[in-house]
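Structure first, commentary second.
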Amino acid sequence: MDIERHTNGEQAALWNGSGGQAWIAAMELLDQVFKPFEAMLAEAVAARAANRVLDVGCGTGSTTLAAARAPGARRACVGVDISAPMIDAARAARNAQGWRPTSSLPMRRCTRSGAPVST
Ligand SMILES: C[S@@+](CC[C@H](N)C(=O)[O-])C[C@H]1O[C@@H](n2cnc3c(N)ncnc32)[C@H](O)[C@@H]1O
């Protein structure tokens, strides 16, 4: 069995459907609940002087944005997610936070291994 394809298919169905819609509806609350983890992530990124961060399963983008805002040198951060509504919400959050040019903080719709998603 092709586990990668199987898992991606299930995850795409969940997060493009009810799972994604529910997350987006509760996004403000969830972002608040997970704030302490964002702070830990930002600390870890700053401590390692990371100049590149790949956020796999970035969802609505709060973790990617936290990594990009972490103190230190400007770094390349990329968010990837299998879900169209989640990545749309991530791009909207990035744009609302004033990232210009937006190409410096790409949010891409693809699987965790970088394969494009067709549905
Ligand atoms: C529980 S949410 C977490 C979102 C975000 N990391 C956060 O902390 O706010 C999990 C995310 O992983 C994504 N995901 C699940 N399986 C994936 C896969 N195989 N490739 C890419 N993204 C995936 C989902 O679409 C969903 O947005």
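Following the order of the structure tokens, first chain is A, next is B, and so on, with residues numbered from 1 inside each chain and ligands from 1 in the order they appear.
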Enumerate, as a PyMOL selection string, the complete set of residues in region 81-119 of chain A that a backbone-based DSSP assignment places in strand (DSSP E). chain A and resi 81+107-109
Give me, as a PyMOL selection string, all polymer residues having an atom no more than 9 Å from region 65-80 of chain A, counting only C-alpha atoms and skipping those fewer than 2 positions away in the same chain. chain A and resi 38-39+41-47+49-59+61-63+82+87+90+93-94+97+104-112+114
Contacts of Ala84 (chain A) within 9 Å, only C-alpha atoms, excl. fewer than 2 positions in-chain, as a ChimeraX atom specification: /A:12,15-16,20,81-82,86-89,109,119
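Relative to CA of Gly19 (chain A), atom 6 (N, counted along the ligand's line) of ligand 1 is found at 13.3 Å.
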Using only C-alpha atoms, which of the listed residues (A:Asp2, A:Pro85, A:Ser118, A:Thr60) sits closest to Asp31 (chain A)? A:Thr60
Could you please write out, as a VMD selection string, every residue of region 6-104 of chain A that DSSP assigns to alpha helix (DSSP H)? chain A and resid 6 to 16 18 to 25 27 to 33 35 to 47 62 to 69 84 to 96
What does the file look like for those residues with C-alpha atoms, as a compact mmCIF listing (two decimals), in the first residue's frame?
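Result file part_12.txt:
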# COMPACT_ATOMS: atom_id res chain seq x y z
CA HIS A 6 -3.22 7.08 1.46
CA THR A 7 -2.44 9.42 4.36
CA ASN A 8 -2.36 12.50 2.17
CA GLY A 9 -5.75 11.56 0.71
CA GLU A 10 -7.34 11.17 4.13
CA GLN A 11 -5.77 14.36 5.45
CA ALA A 12 -6.77 16.32 2.34
CA ALA A 13 -10.36 15.11 2.70
CA LEU A 14 -10.47 16.08 6.38
CA TRP A 15 -8.76 19.46 6.17
CA ASN A 16 -10.37 20.57 2.90
CA SER A 18 -15.24 19.87 7.91
CA GLY A 19 -11.93 19.81 9.82
CA GLY A 20 -10.61 22.83 7.97
CA GLN A 21 -13.89 24.74 8.20
CA ALA A 22 -14.14 24.09 11.96
CA TRP A 23 -10.53 25.18 12.52
CA ILE A 24 -11.02 28.39 10.53
CA ALA A 25 -14.25 29.18 12.38
CA MET A 27 -9.12 30.33 14.43
CA GLU A 28 -8.94 33.33 16.78
CA LEU A 29 -9.58 31.18 19.83
CA LEU A 30 -7.17 28.44 18.70
CA ASP A 31 -4.43 30.99 17.99
CA GLN A 32 -4.82 32.27 21.58
CA VAL A 33 -4.76 28.76 23.04
CA LYS A 35 0.19 31.24 21.77
CA PRO A 36 2.57 29.71 24.37
CA PHE A 37 3.80 27.21 21.76
CA GLU A 38 4.35 30.03 19.27
CA ALA A 39 6.54 31.77 21.85
CA MET A 40 8.54 28.55 22.37
CA LEU A 41 8.94 28.16 18.62
CA ALA A 42 10.10 31.77 18.21
CA GLU A 43 12.62 31.27 21.03
CA ALA A 44 13.99 28.10 19.46
CA VAL A 45 14.28 29.73 16.04
CA ALA A 46 16.09 32.75 17.50
CA ALA A 47 18.40 30.62 19.68
CA SER A 62 0.24 31.50 12.98
CA THR A 63 3.30 29.31 13.52
CA THR A 64 4.93 30.39 10.25
CA LEU A 65 4.33 34.04 11.11
CA ALA A 66 5.71 33.54 14.62
CA ALA A 67 8.90 32.04 13.16
CA ALA A 68 9.21 34.91 10.70
CA ARG A 69 8.81 37.48 13.51
CA ALA A 84 -6.89 24.97 0.29
CA PRO A 85 -9.05 26.80 2.87
CA MET A 86 -6.29 26.63 5.50
CA ILE A 87 -3.63 27.98 3.13
CA ASP A 88 -6.03 30.71 1.95
CA ALA A 89 -6.54 31.74 5.60
CA ALA A 90 -2.76 31.66 6.15
CA ARG A 91 -2.18 33.95 3.18
CA ALA A 92 -4.92 36.31 4.40
CA ALA A 93 -3.31 36.43 7.88
CA ARG A 94 0.11 37.09 6.35
CA ASN A 95 -1.27 39.88 4.16
CA ALA A 96 -3.24 41.38 7.07
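Shortest separation to ligand 1 among A:Ala115, A:Ser83, A:Arg48, A:Gly17 occurs at residue A:Ser83, atoms counted being only C-alpha atoms and all ligand atoms.
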